[in-house]
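S.K.: Got a structure for you, written out below as structure tokens; questions coming shortly.
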Amino acid sequence: MKFVDEYRDQKLARTIAAAIAAEADPGRSYHFMEFCGGHTHAIFRYGVQDLMPENVHFVHGPGCPVCVLPVGRLDDAVELAERHGVILCTYGDMMRVPGTKQRSLIRAKADGADVRMVYSTLDALKIARENPDRQVVFFAIGFETTTPPTGVAIKVAAAEGLNNFSVFCNHVLTPAAIGHILDSPEVRGFGIVKIDGFLGPSHVSSVIGSQPYEFFAEEFQKPVVIAGFEPLDVMQSVLMLIRQVNEGRHEVENEYTRVVTQEGNLKAQALVNEVFELRKSFEWRGLGTVPYSALRIRDAYAGLDAEKRFELSVKVSKEVKSCECPSILRGVKKPTDCKLFGTVCTPQNPVGSCMVSSEGACAAYYSYSRFRDRKPADLEAVE
Amino acid sequence: MCLALPARVVELLDGDMAVVAFDTVKKRISLALVEDVAVDDFVLVHVGYALHKVSQEEAARTLEMMVEAGVLKDELEEISA
């Protein structure tokens, strides 16, 4: 495991930390948003923040798929399982996310609904084949990494004539969300949230490539560095961002060339294009309505679209008022600013989505950082 | 759930499927999203699909990191469940 040691070598970490300290201009502050929940987790797990100078800050972004799904869509999934009596297949992270009145899929299951946790869309197809007299719906969530597997399942079901299978599609797009954050009043108008650059998500970028980020690097004049999940990858990427800021550059750079290319996985992209098309707009928890930020199933595969097969009621979905997930997802607040954090809301008994998934900012704070000194988040954000 | 896990391809099956080995756990996965994969290649596997080919060094590095972060055990349990 020679290579592993090399990538987590303490000396190397100190060397990068020293370079960051030397190159970070004490006269300015640097706020970098890590979009991806995997990075949030790595930053906390390895204490990367503690290796940074005081003027280098991480702003946690909305790249946790279960965190950004609005309550209404989760309520729809509960309705599919309870009222329509389907076998609802879902990824494990989704099971415990609370919907309106704290109703989650796991509670629906406890009350008799047929909700099944699957590892893969392959498992959902298998369940459909084994239960020809039941309707089987795959509750599809996630960013660009989980979309191609959903696309394959739709194509396989169409080819096999698996008529009892359908997909409730909630796939969302990373670049649209980043663009929306940069365009939000908090960032652009009021300057409440300062963002000087982005750590780009590595596995998402392995699918879409680095090219999609070029638009907003240029449009919003913010540097982007695509970073691997290793702590040293994150540190190296921070150094690359600091250099861009200092030199007034705003380019897309790729620290994770071991896996990410400019064009990405073309086969996966072609498949996604064949099966899905852009929605005009989609609701995100925290971000609100974001134009062209999500995908729906194309008409050619409309027969496999659960939204067309089942009639879903219009409902008044409610989030818990005191839950700060929406502000935390926009980088406006920190988990410790939330009254519920660590008291009413814990990973064992989550009130908001950010506490459910290990990639959520609240869960990461709770696991690794809840005993650090608390300080008013806005102090850092306004500066 | 965004994590992708490297695995070694053990056997190629019909219908774009393959058997891969994650550490000690073997699993049937889909190769529908990648091209030109051979036995003994390493692939990044995400929710039952290979997303990318990776080098053996990259695979070893990622696995080791996951062991250290304490997430490999959970991921393997999820895969074998």
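For the structure tokens, the naming scheme is as follows: chains receive sequential letters (A, B, ...) according to their order of presentation, residues are indexed from 1 within each chain, and ligands are indexed from 1 in presentation order.
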Neighbouring residues of Val9 in chain B were defined as those with any atom within 6 Å, considering only C-alpha atoms; residues of the same chain fewer than 6 positions away were excluded. Please report them as a list of chain:residue names.
M.R.: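 That gives B:Val20, B:Val39, B:Asp40, B:Asp41.
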S.K.: Return the neighbours of chain A among the residues of chain B, cut-off 6 Å, counting only C-alpha atoms, as JSON, numbers by chain.
M.R.: {"B": [33, 47, 48, 61]}
S.K.: Put those residues in a file: C-alpha atoms, as a compact mmCIF listing (two decimals), in the first residue's frame.
M.R.:
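Output below, filename again_23.txt:
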```txt
# COMPACT_ATOMS: atom_id res chain seq x y z
CA LEU B 33 -21.63 2.21 -18.55
CA VAL B 47 -24.64 1.48 -6.86
CA GLY B 48 -23.93 -1.75 -8.73
CA ARG B 61 -5.17 3.98 -2.48
```
S.K.: I'd like the neighbourhood of Gly47 in chain A as a list in words, where a residue qualifies if any of its atoms comes within 12 Å (using only C-alpha atoms), though same-chain residues fewer than 2 positions away should be ignored.
M.R.: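 Contacts, with the query itself left out: Ala13, His39, Thr40, His41, Ala42, Ile43, Phe44, Arg45, Gln49, Asp50, Leu51, Met52, Phe58, Pro231, Leu232, Val234, Met235, Ala364, Tyr365, Ser367, Tyr368, Ser369 and Arg372 of chain A; Ala69 of chain B.
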S.K.: Export C-alpha atoms of the chosen residues as a PDB file, in the first residue's frame?
M.R.:
```pdb
ATOM      1  CA  ALA A  13       0.458  17.263   4.520  1.00  0.00           C
ATOM      2  CA  HIS A  39     -15.708  16.382   0.620  1.00  0.00           C
ATOM      3  CA  THR A  40     -17.613  17.742   3.628  1.00  0.00           C
ATOM      4  CA  HIS A  41     -17.182  14.336   5.247  1.00  0.00           C
ATOM      5  CA  ALA A  42     -13.435  14.177   4.429  1.00  0.00           C
ATOM      6  CA  ILE A  43     -12.809  17.725   5.704  1.00  0.00           C
ATOM      7  CA  PHE A  44     -14.348  16.834   9.071  1.00  0.00           C
ATOM      8  CA  ARG A  45     -13.073  13.290   9.311  1.00  0.00           C
ATOM      9  CA  GLN A  49      -9.969  22.835   8.638  1.00  0.00           C
ATOM     10  CA  ASP A  50      -7.497  22.733  11.549  1.00  0.00           C
ATOM     11  CA  LEU A  51      -4.579  22.632   9.106  1.00  0.00           C
ATOM     12  CA  MET A  52      -5.719  25.823   7.389  1.00  0.00           C
ATOM     13  CA  PHE A  58     -14.787  26.063   4.009  1.00  0.00           C
ATOM     14  CA  PRO A 231      -7.461  14.696   2.568  1.00  0.00           C
ATOM     15  CA  LEU A 232      -4.273  15.570   0.691  1.00  0.00           C
ATOM     16  CA  VAL A 234      -8.492  18.480  -0.681  1.00  0.00           C
ATOM     17  CA  MET A 235      -5.477  20.398   0.676  1.00  0.00           C
ATOM     18  CA  ALA A 364     -20.541  15.433   9.738  1.00  0.00           C
ATOM     19  CA  TYR A 365     -20.485  18.206  12.375  1.00  0.00           C
ATOM     20  CA  SER A 367     -19.781  13.025  14.334  1.00  0.00           C
ATOM     21  CA  TYR A 368     -16.498  14.888  14.261  1.00  0.00           C
ATOM     22  CA  SER A 369     -16.810  18.459  15.319  1.00  0.00           C
ATOM     23  CA  ARG A 372     -15.223  22.448  18.893  1.00  0.00           C
TER      24      ARG A 372
ATOM     25  CA  ALA B  69     -11.975   6.420   7.523  1.00  0.00           C
TER      26      ALA B  69
END
```
S.K.: Just give me the gap between CA of Phe165 in chain A and CA of Ala108 in chain A in Å, one decimal is fine.
M.R.: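 Calculated distance between CA of Phe165 in chain A and CA of Ala108 in chain A is 20.6 Å.
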S.K.: Could you pull out the strand (DSSP E) residues of range 134-363 of chain A, going by DSSP on the backbone, and write them as a ChimeraX atom specification?
M.R.: /A:136-142,165-171,197-200,224-226,252-254,276-278,281-284,288-291,295-297
S.K.: Only C-alpha atoms, please: the residues just picked out, written as a short mmCIF file (atom, residue, chain, number, x, y, z; two decimals), in the first residue's frame.
M.R.:
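Produced file part_15.cif, reproduced below:
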```
data_model
loop_
_atom_site.label_atom_id
_atom_site.label_comp_id
_atom_site.auth_asym_id
_atom_site.auth_seq_id
_atom_site.Cartn_x
_atom_site.Cartn_y
_atom_site.Cartn_z
CA VAL A 136 -42.70 -1.90 -8.46
CA VAL A 137 -41.47 1.72 -8.34
CA PHE A 138 -37.83 2.73 -8.07
CA PHE A 139 -37.48 5.98 -6.11
CA ALA A 140 -34.60 7.52 -8.07
CA ILE A 141 -32.59 10.24 -6.35
CA GLY A 142 -29.10 11.64 -6.72
CA PHE A 165 -41.78 -1.51 -13.27
CA SER A 166 -41.56 2.28 -13.22
CA VAL A 167 -39.26 5.03 -11.98
CA PHE A 168 -40.10 8.05 -9.81
CA CYS A 169 -37.39 10.32 -11.16
CA ASN A 170 -35.76 12.98 -8.94
CA HIS A 171 -32.31 13.21 -10.50
CA GLY A 197 -14.01 29.43 -5.40
CA PHE A 198 -15.26 25.88 -5.56
CA LEU A 199 -13.90 22.45 -4.81
CA GLY A 200 -15.54 20.44 -7.59
CA VAL A 224 -13.05 25.73 -9.73
CA VAL A 225 -10.69 22.92 -8.80
CA ILE A 226 -11.95 19.36 -9.14
CA VAL A 252 -11.34 25.14 -14.15
CA GLU A 253 -8.41 23.11 -12.92
CA ASN A 254 -8.36 19.40 -12.33
CA PHE A 276 -33.86 11.75 -19.82
CA GLU A 277 -34.54 15.37 -20.67
CA LEU A 278 -34.26 18.61 -18.70
CA SER A 281 -37.53 23.84 -13.17
CA PHE A 282 -37.28 21.74 -10.04
CA GLU A 283 -37.71 22.45 -6.37
CA TRP A 284 -34.66 21.93 -4.15
CA GLY A 288 -35.96 26.81 -3.82
CA THR A 289 -36.98 26.55 -7.47
CA VAL A 290 -33.94 26.14 -9.71
CA PRO A 291 -34.41 26.40 -13.50
CA LEU A 295 -34.15 15.54 -15.25
CA ARG A 296 -37.36 13.80 -16.21
CA ILE A 297 -37.98 10.70 -18.29
#
```
S.K.: Can you tell me, as an MDAnalysis selection string, which residues in range 107-291 of chain A count as helix (DSSP H, G or I) by DSSP?
M.R.: chainID A and resid 107:110 121:130 147:160 174:183 185:189 202:208 211:219 231:246 266:275
S.K.: Please compute the CA of Glu311 in chain A-CA of Asn164 in chain A distance, one decimal, in Å.
M.R.: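 Interatomic distance here is 15.7 Å.
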S.K.: Which residue gives the smallest distance to Leu63 in chain B among B:Val34, B:Val10, B:Asp23, B:Ile29, with only C-alpha atoms counted?
M.R.: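 Among the listed residues, B:Asp23 lies closest to Leu63 in chain B.
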S.K.: Determine the nearest neighbour of His52 in chain B from the options A:Met95, A:Ile208, A:Val320, A:Leu173, counting only C-alpha atoms.
M.R.: A:Ile208
S.K.: Please identify all polymer residues within 9 Å of Gly15 in chain B, counting only C-alpha atoms, omitting same-chain residues fewer than 4 positions from it, and present them as a VMD selection string.
M.R.: chain B and resid 30 to 32
S.K.: Store the residues of this selection in a file with C-alpha atoms, as a JSON list (two decimals), in the first residue's frame.
M.R.:
```
[["chain", "number", "residue", "atom", "x", "y", "z"],
["B", 30, "SER", "CA", -23.17, -4.14, -14.51],
["B", 31, "LEU", "CA", -20.61, -3.03, -17.10],
["B", 32, "ALA", "CA", -23.26, -1.19, -19.17]]
```
S.K.: So which one's closest to Val187 in chain A, A:Val59, A:Ala81, A:Ala124, A:Ala300? Using only C-alpha atoms, please.
M.R.: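 Comparing A:Val59, A:Ala81, A:Ala124, A:Ala300 against Val187 in chain A, the winner is A:Val59.
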S.K.: What does the distance from CA of Phe310 in chain A to CA of Val86 in chain A come to in Å, to one decimal?
M.R.: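 Between CA of Phe310 in chain A and CA of Val86 in chain A the gap is 10.0 Å.
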S.K.: Counting only C-alpha atoms, which of B:Lys26, B:Ala60, B:Leu13, B:Leu44 gets nearest to Leu76 in chain B?
M.R.: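 Selected residue with least distance to Leu76 in chain B: B:Lys26.
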